[in-house]
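J.: Contents of start12.txt (compact mmCIF, C-alpha atoms):
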# COMPACT_ATOMS: atom_id res chain seq x y z
CA MET K 1 0.00 0.00 0.00
CA ARG K 2 1.32 3.44 -0.88
CA LYS K 3 0.40 4.89 2.51
CA SER K 4 2.90 2.58 4.20
CA TRP K 5 5.79 4.36 2.42
CA ILE K 6 6.42 7.15 4.93
CA LEU K 7 6.95 5.36 8.24
CA PRO K 8 9.07 2.40 7.11
CA LEU K 9 11.50 4.65 5.26
CA ILE K 10 11.78 7.08 8.18
CA THR K 11 12.13 4.30 10.76
CA LEU K 12 14.78 2.48 8.74
CA VAL K 13 16.95 5.55 8.31
CA ALA K 14 16.45 6.86 11.83
CA THR K 15 17.68 3.53 13.18
CA ALA K 16 20.65 3.43 10.86
CA LEU K 17 21.87 7.01 11.21
CA GLY K 18 23.22 6.96 14.74
CA GLY K 19 24.36 10.56 14.38
CA THR K 20 23.43 14.11 13.46
CA ALA K 21 23.39 15.78 10.08
CA ALA K 22 26.17 18.21 9.31
CA GLY K 23 25.56 21.87 10.04
CA VAL K 24 23.10 23.10 12.63
CA ALA K 25 22.60 20.46 15.35
CA PRO K 26 20.13 21.53 18.04
CA ALA K 27 19.32 19.09 20.80
CA SER K 28 16.66 16.42 20.35
CA ALA K 29 13.30 17.11 21.94
CA ALA K 30 10.06 15.33 22.82
CA SER K 31 6.69 15.29 21.07
CA ASP K 32 6.01 18.85 22.20
CA THR K 33 9.00 20.04 20.16
CA PRO K 34 8.59 23.66 19.02
CA LEU K 35 8.02 23.64 15.27
CA ARG K 36 9.12 26.36 12.88
CA VAL K 37 7.31 25.25 9.73
CA MET K 38 7.91 26.57 6.23
CA PRO K 39 5.11 25.68 3.78
CA LEU K 40 6.97 25.81 0.45
CA GLY K 41 5.54 25.60 -3.05
CA ASP K 42 3.20 27.24 -5.53
CA SER K 43 -0.46 28.33 -5.51
CA ILE K 44 -1.58 25.16 -3.74
CA THR K 45 0.72 26.09 -0.86
CA TRP K 46 -0.69 29.62 -1.00
CA GLY K 47 -4.20 28.19 -0.73
CA VAL K 48 -5.94 29.03 -4.02
CA GLY K 49 -9.34 27.34 -4.09
CA SER K 50 -9.96 27.31 -0.34
CA SER K 51 -12.76 29.38 1.11
CA THR K 52 -10.46 30.98 3.71
CA GLY K 53 -7.28 31.31 1.65
CA ASN K 54 -5.53 29.12 4.23
CA GLY K 55 -5.31 26.02 2.04
CA TYR K 56 -3.85 23.07 3.93
CA ARG K 57 -1.93 25.40 6.21
CA GLY K 58 -4.90 26.29 8.42
CA PRO K 59 -5.99 22.76 9.35
CA LEU K 60 -2.38 21.60 9.62
CA TRP K 61 -1.63 24.40 12.08
CA ASN K 62 -4.64 23.35 14.18
CA GLN K 63 -3.61 19.69 14.18
CA LEU K 64 -0.01 20.39 15.17
CA ALA K 65 -1.12 22.79 17.90
CA ALA K 66 -3.50 20.13 19.24
CA ASP K 67 -0.57 17.72 19.43
CA GLY K 68 1.12 20.15 21.81
CA HIS K 69 3.72 21.69 19.51
CA PRO K 70 4.45 25.39 20.03
CA LEU K 71 4.16 26.67 16.46
CA ASP K 72 5.53 29.30 14.14
CA PHE K 73 4.79 29.17 10.41
CA VAL K 74 7.44 31.11 8.48
CA GLY K 75 8.02 32.58 5.03
CA THR K 76 8.24 35.84 3.15
CA VAL K 77 4.55 36.01 2.16
CA ARG K 78 1.31 36.04 4.12
CA GLY K 79 -2.04 34.73 2.98
CA GLY K 80 -5.36 33.58 4.40
CA SER K 81 -7.44 34.29 7.49
CA MET K 82 -5.44 32.14 9.94
CA SER K 83 -3.65 33.80 12.83
CA ASP K 84 -0.22 32.72 11.54
CA PRO K 85 -0.43 33.12 7.73
CA ASP K 86 3.31 33.21 6.94
CA ASN K 87 4.34 30.87 4.13
CA GLU K 88 6.51 30.50 1.04
CA GLY K 89 3.76 29.72 -1.49
CA HIS K 90 4.07 31.50 -4.84
CA SER K 91 1.27 31.20 -7.38
CA GLY K 92 2.37 30.07 -10.82
CA TYR K 93 5.94 29.25 -9.80
CA ARG K 94 7.90 26.37 -11.27
CA ILE K 95 10.49 24.36 -9.34
CA ASP K 96 13.37 26.45 -10.66
CA GLN K 97 11.66 29.65 -9.52
CA ILE K 98 11.18 28.25 -6.02
CA ALA K 99 14.83 27.15 -6.03
CA ALA K 100 15.91 30.69 -6.89
CA LEU K 101 14.39 32.10 -3.69
CA ALA K 102 14.84 29.11 -1.39
CA ASP K 103 18.40 29.77 -0.16
CA ALA K 104 17.64 33.24 1.13
CA SER K 105 14.34 32.24 2.73
CA LEU K 106 15.55 29.02 4.34
CA THR K 107 18.68 30.55 5.85
CA ARG K 108 16.68 33.60 6.97
CA TYR K 109 14.00 31.63 8.83
CA ARG K 110 15.75 28.30 9.54
CA PRO K 111 12.65 26.08 9.74
CA ASN K 112 12.89 22.67 11.36
CA VAL K 113 10.03 21.35 9.19
CA VAL K 114 9.52 22.07 5.49
CA THR K 115 6.29 20.97 3.78
CA LEU K 116 6.95 20.86 0.03
CA HIS K 117 4.34 20.49 -2.72
CA ILE K 118 5.79 21.65 -6.05
CA GLY K 119 5.82 20.65 -9.71
CA THR K 120 2.28 21.30 -10.92
CA ASN K 121 3.39 24.19 -13.12
CA ASP K 122 6.27 22.17 -14.59
CA LEU K 123 4.33 19.32 -16.18
CA GLN K 124 3.54 20.07 -19.81
CA GLY K 125 5.14 17.21 -21.77
CA ALA K 126 7.62 14.33 -21.75
CA SER K 127 10.73 16.49 -21.89
CA GLU K 128 9.32 18.78 -19.23
CA VAL K 129 8.59 15.95 -16.79
CA ASP K 130 12.19 14.72 -17.07
CA SER K 131 13.43 18.25 -16.42
CA ALA K 132 11.01 18.66 -13.51
CA ILE K 133 12.27 15.47 -11.87
CA ALA K 134 15.86 16.65 -12.16
CA ARG K 135 14.96 20.08 -10.78
CA LEU K 136 13.08 18.55 -7.85
CA ARG K 137 16.06 16.37 -6.96
CA SER K 138 18.27 19.46 -7.01
CA LEU K 139 15.77 21.41 -4.89
CA VAL K 140 15.59 18.69 -2.23
CA ASN K 141 19.40 18.68 -2.05
CA GLN K 142 19.36 22.47 -1.81
CA ILE K 143 16.87 22.48 1.06
CA THR K 144 18.76 19.85 3.05
CA ALA K 145 22.00 21.77 2.58
CA ASP K 146 20.45 25.05 3.73
CA VAL K 147 18.67 23.56 6.77
CA PRO K 148 20.47 20.27 7.39
CA ASP K 149 18.72 19.49 10.66
CA ALA K 150 15.21 20.05 9.29
CA THR K 151 12.65 17.41 8.38
CA VAL K 152 11.63 17.84 4.73
CA LEU K 153 8.22 16.39 3.81
CA VAL K 154 7.94 16.02 0.03
CA ALA K 155 4.36 15.56 -1.17
CA SER K 156 3.18 13.79 -4.29
CA LEU K 157 1.21 16.05 -6.61
CA VAL K 158 -2.53 16.07 -6.00
CA VAL K 159 -4.95 14.89 -8.65
CA SER K 160 -6.11 17.34 -11.32
CA THR K 161 -8.46 17.44 -14.30
CA SER K 162 -5.81 19.08 -16.48
CA SER K 163 -4.94 16.68 -19.30
CA SER K 164 -1.45 18.14 -19.73
CA GLU K 165 -0.64 17.55 -16.07
CA GLU K 166 -2.44 14.24 -15.61
CA GLN K 167 -0.54 12.66 -18.49
CA TRP K 168 2.72 13.01 -16.58
CA ARG K 169 1.69 13.26 -12.92
CA GLY K 170 2.08 9.52 -12.26
CA THR K 171 5.61 9.47 -13.68
CA TYR K 172 6.57 12.51 -11.62
CA ASN K 173 5.04 11.17 -8.41
CA GLN K 174 6.83 7.86 -8.79
CA ALA K 175 10.11 9.73 -9.25
CA ILE K 176 9.47 11.59 -5.99
CA ARG K 177 9.60 8.27 -4.15
CA GLN K 178 13.03 7.55 -5.60
CA ILE K 179 14.30 11.05 -4.82
CA VAL K 180 13.18 10.63 -1.22
CA SER K 181 14.67 7.13 -0.96
CA ASP K 182 18.00 8.37 -2.33
CA ALA K 183 18.04 11.29 0.10
CA GLN K 184 17.33 9.01 3.06
CA ALA K 185 20.09 6.67 1.97
CA THR K 186 22.56 9.50 2.54
CA GLY K 187 21.17 10.20 6.02
CA LYS K 188 18.93 13.13 5.18
CA HIS K 189 15.66 13.68 7.03
CA VAL K 190 13.45 13.61 3.94
CA ALA K 191 10.10 11.78 3.77
CA PHE K 192 7.50 11.08 1.11
CA VAL K 193 3.94 12.27 1.82
CA ASP K 194 1.26 10.51 -0.21
CA MET K 195 -1.54 12.78 -1.47
CA SER K 196 -3.37 10.03 -3.39
CA SER K 197 -6.41 10.24 -1.08
CA LEU K 198 -7.58 13.34 -2.96
CA THR K 199 -10.03 12.71 -5.80
CA THR K 200 -11.51 14.97 -8.44
CA ALA K 201 -14.40 15.59 -6.02
CA ASP K 202 -11.84 17.40 -3.83
CA LEU K 203 -11.05 20.03 -6.48
CA ALA K 204 -12.27 23.62 -6.68
CA ASP K 205 -11.00 23.94 -10.27
CA PRO K 206 -8.85 21.81 -12.59
CA LEU K 207 -5.70 22.24 -10.46
CA HIS K 208 -6.57 23.46 -6.97
CA PRO K 209 -8.17 21.59 -4.06
CA ASN K 210 -11.33 22.75 -2.36
CA ASP K 211 -11.71 22.80 1.41
CA SER K 212 -12.17 19.04 1.67
CA GLY K 213 -9.11 18.49 -0.49
CA TYR K 214 -6.99 20.83 1.57
CA GLN K 215 -8.14 19.03 4.73
CA LYS K 216 -6.88 15.77 3.22
CA MET K 217 -3.56 17.44 2.41
CA ALA K 218 -3.29 18.68 5.99
CA ASP K 219 -4.05 15.18 7.28
CA ALA K 220 -1.28 13.71 5.13
CA PHE K 221 1.31 16.30 6.16
CA HIS K 222 0.22 15.84 9.78
CA ARG K 223 0.88 12.10 9.55
CA GLY K 224 4.27 12.91 8.07
CA VAL K 225 5.17 15.12 11.03
CA GLN K 226 3.95 12.49 13.49
CA SER K 227 6.03 9.80 11.78
CA ALA K 228 9.09 12.02 11.83
CA ASP K 229 8.47 12.66 15.52
CA SER K 230 8.22 8.92 16.21
CA ALA K 231 11.50 8.40 14.36
CA GLY K 232 13.26 11.03 16.49
CA TRP K 233 13.78 13.39 13.59
CA LEU K 234 12.22 16.52 15.07
CA LYS K 235 14.77 18.83 16.65
CA ASN K 236 14.40 22.13 18.44
CA PRO K 237 14.59 24.98 15.92
CA ALA K 238 18.03 26.42 15.38
CA PRO K 239 18.66 29.92 16.72
CA ALA K 240 17.08 32.54 14.52
CA PRO K 241 19.39 34.81 12.51
CA SER K 242 20.63 38.00 14.16
CA ARG K 243 21.95 41.33 13.06
CA VAL K 244 25.67 41.54 13.76
CA GLN K 245 26.74 44.96 15.05
CA SER K 246 30.25 46.29 14.76
CA GLY K 247 32.17 47.71 17.67
CA ILE K 248 32.04 50.88 15.61
CA ALA K 249 28.84 52.44 16.91
CA GLY K 250 25.76 52.27 14.75
CA LYS K 251 27.26 50.04 12.06
CA CYS K 252 26.24 46.48 11.17
CA MET K 253 27.65 43.72 8.99
CA ASP K 254 25.82 44.03 5.67
CA VAL K 255 25.65 42.26 2.29
CA ASN K 256 26.08 44.98 -0.32
CA GLY K 257 22.75 45.74 -1.97
CA ALA K 258 21.22 42.47 -0.71
CA ASN K 259 22.88 40.91 -3.77
CA THR K 260 23.07 37.11 -3.85
CA THR K 261 25.74 36.94 -6.55
CA ASP K 262 28.96 35.17 -5.58
CA GLY K 263 31.63 37.75 -4.74
CA THR K 264 29.27 40.37 -3.31
CA ALA K 265 31.09 42.58 -0.82
CA VAL K 266 30.41 42.23 2.89
CA GLN K 267 30.57 45.69 4.35
CA THR K 268 29.54 47.91 7.22
CA TRP K 269 26.34 49.91 6.93
CA SER K 270 24.11 51.83 9.28
CA CYS K 271 22.09 49.25 11.24
CA GLY K 272 18.59 48.59 9.94
CA ASP K 273 16.21 45.65 9.77
CA SER K 274 16.66 44.37 6.23
CA ALA K 275 17.42 40.72 5.44
CA ASN K 276 20.94 41.49 4.22
CA GLN K 277 21.97 42.40 7.79
CA TYR K 278 20.79 39.10 9.29
CA TRP K 279 23.33 36.34 9.78
CA SER K 280 23.03 32.72 10.93
CA ALA K 281 25.82 30.90 12.75
CA TYR K 282 26.04 27.22 11.77
CA THR K 283 27.87 24.53 13.73
CA ASP K 284 30.16 23.89 10.76
CA GLY K 285 31.69 27.30 11.54
CA THR K 286 30.01 29.21 8.71
CA LEU K 287 28.19 32.53 8.97
CA ARG K 288 25.39 32.75 6.39
CA SER K 289 23.19 35.49 4.99
CA LEU K 290 20.81 35.34 2.02
CA GLY K 291 21.79 31.72 1.43
CA LYS K 292 25.51 32.47 1.05
CA CYS K 293 28.54 32.05 3.31
CA LEU K 294 30.91 34.70 4.66
CA ASP K 295 34.06 34.08 2.63
CA ALA K 296 37.67 35.27 2.51
CA ALA K 297 38.12 36.05 -1.18
CA GLY K 298 40.02 33.44 -3.17
CA GLY K 299 41.04 31.54 -0.06
CA ALA K 300 43.73 34.17 0.54
CA THR K 301 45.13 34.60 4.05
CA ALA K 302 47.09 37.87 3.85
CA ASN K 303 46.28 41.07 5.69
CA GLY K 304 43.80 43.06 3.64
CA THR K 305 42.12 40.06 2.01
CA LYS K 306 38.62 41.21 1.13
CA VAL K 307 35.61 39.49 2.67
CA GLN K 308 32.59 38.64 0.54
CA THR K 309 29.68 36.24 0.25
CA TRP K 310 30.03 33.06 -1.76
CA ALA K 311 28.18 29.78 -2.24
CA CYS K 312 28.86 27.58 0.79
CA HIS K 313 31.39 24.87 -0.07
CA GLY K 314 32.99 23.80 3.21
CA GLY K 315 36.33 25.47 2.52
CA ALA K 316 38.60 26.73 5.29
CA ASN K 317 38.16 30.30 4.02
CA GLN K 318 34.50 30.11 5.11
CA VAL K 319 35.13 29.07 8.72
CA TRP K 320 34.82 31.70 11.46
CA GLN K 321 35.43 31.14 15.16
CA PRO K 322 34.44 33.42 18.04
CA TYR K 323 37.62 35.13 19.21
CA ASN K 324 38.21 38.02 21.60
CA GLY K 325 34.76 39.50 20.97
CA GLY K 326 34.95 39.05 17.22
CA TYR K 327 35.42 36.44 14.51
CA ARG K 328 38.69 34.76 13.55
CA ASN K 329 39.35 32.76 10.40
CA PRO K 330 41.52 29.87 11.66
CA ALA K 331 43.04 29.11 8.24
CA SER K 332 44.64 32.54 8.15
CA GLY K 333 44.84 33.24 11.88
CA ARG K 334 43.40 36.67 11.11
CA CYS K 335 40.24 38.45 12.25
CA LEU K 336 37.24 40.04 10.58
CA ASP K 337 38.16 43.72 10.46
CA VAL K 338 36.71 47.10 9.45
CA PRO K 339 39.73 48.65 7.71
CA GLY K 340 40.99 51.81 9.30
CA SER K 341 38.03 51.78 11.73
CA SER K 342 36.13 53.57 8.98
CA THR K 343 32.67 54.88 9.83
CA THR K 344 31.71 55.26 6.16
CA ASP K 345 28.79 53.17 4.94
CA GLY K 346 29.96 50.68 2.34
CA THR K 347 33.38 49.97 3.84
CA GLN K 348 34.26 46.42 2.75
CA LEU K 349 35.46 44.10 5.50
CA VAL K 350 38.89 42.45 5.36
CA LEU K 351 41.10 39.98 7.16
CA TRP K 352 43.67 41.56 9.48
CA ASP K 353 45.95 40.56 12.33
CA CYS K 354 43.84 40.13 15.45
CA ASN K 355 44.29 43.07 17.79
CA GLY K 356 41.11 43.29 19.88
CA GLY K 357 40.21 46.72 18.53
CA SER K 358 36.65 47.97 18.31
CA ASN K 359 36.85 47.54 14.54
CA GLN K 360 37.25 43.79 15.11
CA ARG K 361 34.45 43.39 17.62
CA TRP K 362 31.06 42.03 16.56
CA THR K 363 27.91 41.53 18.64
CA ALA K 364 24.84 39.51 17.62
CA LEU K 365 21.66 41.51 18.19
CA THR K 366 18.18 40.07 18.67
CA ALA K 367 15.66 40.65 15.90
CA GLY K 368 13.72 43.86 15.95
Here is a file; write its structure as structure tokens.
T.:
Amino acid sequence: MRKSWILPLITLVATALGGTAAGVAPASAASDTPLRVMPLGDSITWGVGSSTGNGYRGPLWNQLAADGHPLDFVGTVRGGSMSDPDNEGHSGYRIDQIAALADASLTRYRPNVVTLHIGTNDLQGASEVDSAIARLRSLVNQITADVPDATVLVASLVVSTSSSEEQWRGTYNQAIRQIVSDAQATGKHVAFVDMSSLTTADLADPLHPNDSGYQKMADAFHRGVQSADSAGWLKNPAPAPSRVQSGIAGKCMDVNGANTTDGTAVQTWSCGDSANQYWSAYTDGTLRSLGKCLDAAGGATANGTKVQTWACHGGANQVWQPYNGGYRNPASGRCLDVPGSSTTDGTQLVLWDCNGGSNQRWTALTAG
């Protein structure tokens, strides 16, 4: 039976792992584990077709709260009448479009549960379904790299009355099982969530569920969370990102222009509340903002080496250790430094001999 897929896979891997995923590693917790949930996907995640605009998110929130989990739904958009409408559902988006925003959102909010339903807008023909499967595999790998201690619940696509989608939905859904199985084989907390209980009677239009359909989706995701809990996968949420203030008064560590391109300068700027001044400390020693790692340019170690953001790759030039009130790169033995103690907005940070000066001191500030 297809519904037996979730628990056996989770139980098998949870027994075999015997360790913790790389990166953030909060302590294990009981069934009342606080959940920071990111609903991720397209218009079905947003809730198109539901009478409240909540989609599956509303009933899922109620079920998880009834289980005793303190809850926070997270994401960059808000939709529906529920009290906690935050989500990452984007109407009309394909998998590649979700992938383009996922790094920044996941490292900004650091969910410990991700509910993923994506691919409806990708299925148009044989070549497209093959591309969609490859993109989904890449997206699952991307999510688990960004939030390595999170449980990722990957849903099969719900039924539709769209001939272009229905022709390829079965092929795509079967591939999801393999993607999940492959991820679990490498120790990742990824589970398949079967949405086959929805029928065409549960649709508000050719693609979107109605209220009864969204209730069934919530039930399926709820079972996925419960199975993950039983397997010991649920962990306390990692610390939320913080602004990092310089010892130079009023200045914060800032990604220039909120640009996510590799090689973007990391600089000082007057402290604000924008996403490009929020940084997450991971247990692998990286500091991350907007899905990128704080990086000593080119792996150089000399005084004056410029500091930038770059795709996280595990290199020694992306490791930063707390040191004397600041951050030290152990590969170079040098500290994160505001050159010349400049107070000018846009001053790019560099490596420099550690000296304990105010221009090498950095303090994490709470949000808000």
J.: Go through K:Glu165, K:Asp254, K:Asp42, K:Asp219 one by one, measure the shortest atom-to-atom distance of each to K:Gly89 using all atoms listed in the file, and give the residue with the smallest value.
T.: K:Asp42
J.: Using all atoms listed in the file, which of K:Ser31, K:Asn121, K:Ser181, K:Gln97 sits nearest K:Ser43?
T.: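 Smallest distance to K:Ser43 is found for K:Asn121.
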J.: Excluding K:Pro85 and its own-chain neighbours fewer than 6 positions away, which residues fall within 9 Å of it when counting all atoms listed in the file? Please give them as a PDB file with C-alpha atoms, in the frame of the given file.
T.:
ATOM      1  CA  ASN K  54      -5.530  29.120   4.230  1.00  0.00           C
ATOM      2  CA  ARG K  57      -1.930  25.400   6.210  1.00  0.00           C
ATOM      3  CA  GLY K  58      -4.900  26.290   8.420  1.00  0.00           C
ATOM      4  CA  PHE K  73       4.790  29.170  10.410  1.00  0.00           C
ATOM      5  CA  VAL K  74       7.440  31.110   8.480  1.00  0.00           C
ATOM      6  CA  GLY K  75       8.020  32.580   5.030  1.00  0.00           C
ATOM      7  CA  VAL K  77       4.550  36.010   2.160  1.00  0.00           C
ATOM      8  CA  ARG K  78       1.310  36.040   4.120  1.00  0.00           C
ATOM      9  CA  GLY K  79      -2.040  34.730   2.980  1.00  0.00           C
TER      10      GLY K  79
END
J.: Tell me, as a JSON list (two decimals) with C-alpha atoms, keeping the file's coordinate frame, which residues lie within 12 Å of K:Asp337, counting all atoms listed in the file; anything in the same chain fewer than 5 positions away does not count.
T.:
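File around.json, as written:
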[["chain", "number", "residue", "atom", "x", "y", "z"],
["K", 246, "SER", "CA", 30.25, 46.29, 14.76],
["K", 247, "GLY", "CA", 32.17, 47.71, 17.67],
["K", 248, "ILE", "CA", 32.04, 50.88, 15.61],
["K", 253, "MET", "CA", 27.65, 43.72, 8.99],
["K", 266, "VAL", "CA", 30.41, 42.23, 2.89],
["K", 267, "GLN", "CA", 30.57, 45.69, 4.35],
["K", 268, "THR", "CA", 29.54, 47.91, 7.22],
["K", 296, "ALA", "CA", 37.67, 35.27, 2.51],
["K", 303, "ASN", "CA", 46.28, 41.07, 5.69],
["K", 304, "GLY", "CA", 43.80, 43.06, 3.64],
["K", 305, "THR", "CA", 42.12, 40.06, 2.01],
["K", 306, "LYS", "CA", 38.62, 41.21, 1.13],
["K", 307, "VAL", "CA", 35.61, 39.49, 2.67],
["K", 325, "GLY", "CA", 34.76, 39.50, 20.97],
["K", 326, "GLY", "CA", 34.95, 39.05, 17.22],
["K", 327, "TYR", "CA", 35.42, 36.44, 14.51],
["K", 328, "ARG", "CA", 38.69, 34.76, 13.55],
["K", 329, "ASN", "CA", 39.35, 32.76, 10.40],
["K", 342, "SER", "CA", 36.13, 53.57, 8.98],
["K", 347, "THR", "CA", 33.38, 49.97, 3.84],
["K", 348, "GLN", "CA", 34.26, 46.42, 2.75],
["K", 349, "LEU", "CA", 35.46, 44.10, 5.50],
["K", 350, "VAL", "CA", 38.89, 42.45, 5.36],
["K", 351, "LEU", "CA", 41.10, 39.98, 7.16],
["K", 352, "TRP", "CA", 43.67, 41.56, 9.48],
["K", 353, "ASP", "CA", 45.95, 40.56, 12.33],
["K", 354, "CYS", "CA", 43.84, 40.13, 15.45],
["K", 355, "ASN", "CA", 44.29, 43.07, 17.79],
["K", 356, "GLY", "CA", 41.11, 43.29, 19.88],
["K", 357, "GLY", "CA", 40.21, 46.72, 18.53],
["K", 358, "SER", "CA", 36.65, 47.97, 18.31],
["K", 359, "ASN", "CA", 36.85, 47.54, 14.54],
["K", 360, "GLN", "CA", 37.25, 43.79, 15.11],
["K", 361, "ARG", "CA", 34.45, 43.39, 17.62],
["K", 362, "TRP", "CA", 31.06, 42.03, 16.56]]
J.: What does the distance between atom CA of K:Asn62 and atom CA of K:Ser50 come to in Å, to one decimal place?
T.: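 Computed distance, atom CA of K:Asn62 to atom CA of K:Ser50, equals 16.0 Å.
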J.: Which value, in Å to one decimal, gives the distance between atom CA of K:Arg169 and atom CA of K:Val113?
T.: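 Value for the atom CA of K:Arg169-atom CA of K:Val113 distance: 25.0 Å.
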J.: (2.7, 17.7, 7.9) in this file's frame - what residues fall within 10 Å of it? Use all atoms listed in the file and give the answer as an NGL selection string.
T.: :K and (37 or 39 or 56-57 or 60-61 or 63-64 or 113-116 or 151-155 or 193 or 217-228)
J.: Using all atoms listed in the file, which residue out of K:Ala204, K:Asn141, K:Gly53, K:Pro237 lies closest to K:Pro111?
T.: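 Checking each of K:Ala204, K:Asn141, K:Gly53, K:Pro237 against K:Pro111, counting all atoms listed in the file, the winner is K:Pro237.
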J.: Find the residues near K:His313: any atom within 10 Å, counting only C-alpha atoms, skip ones fewer than 6 places away on the same chain, and give them as a PyMOL selection string.
T.: chain K and resi 286+292-293+295
J.: Considering only C-alpha atoms, state which residue in the set K:Val190, K:Ala134, K:Ala249, K:Leu294 is at the smallest distance from K:Thr264.
T.: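 Ranking K:Val190, K:Ala134, K:Ala249, K:Leu294 by distance to K:Thr264, first place goes to K:Leu294.
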J.: Just to confirm, what's the straight-line distance from atom CA of K:Tyr93 to atom CA of K:Asp205 in Å (one decimal)?
T.: 17.8 Å
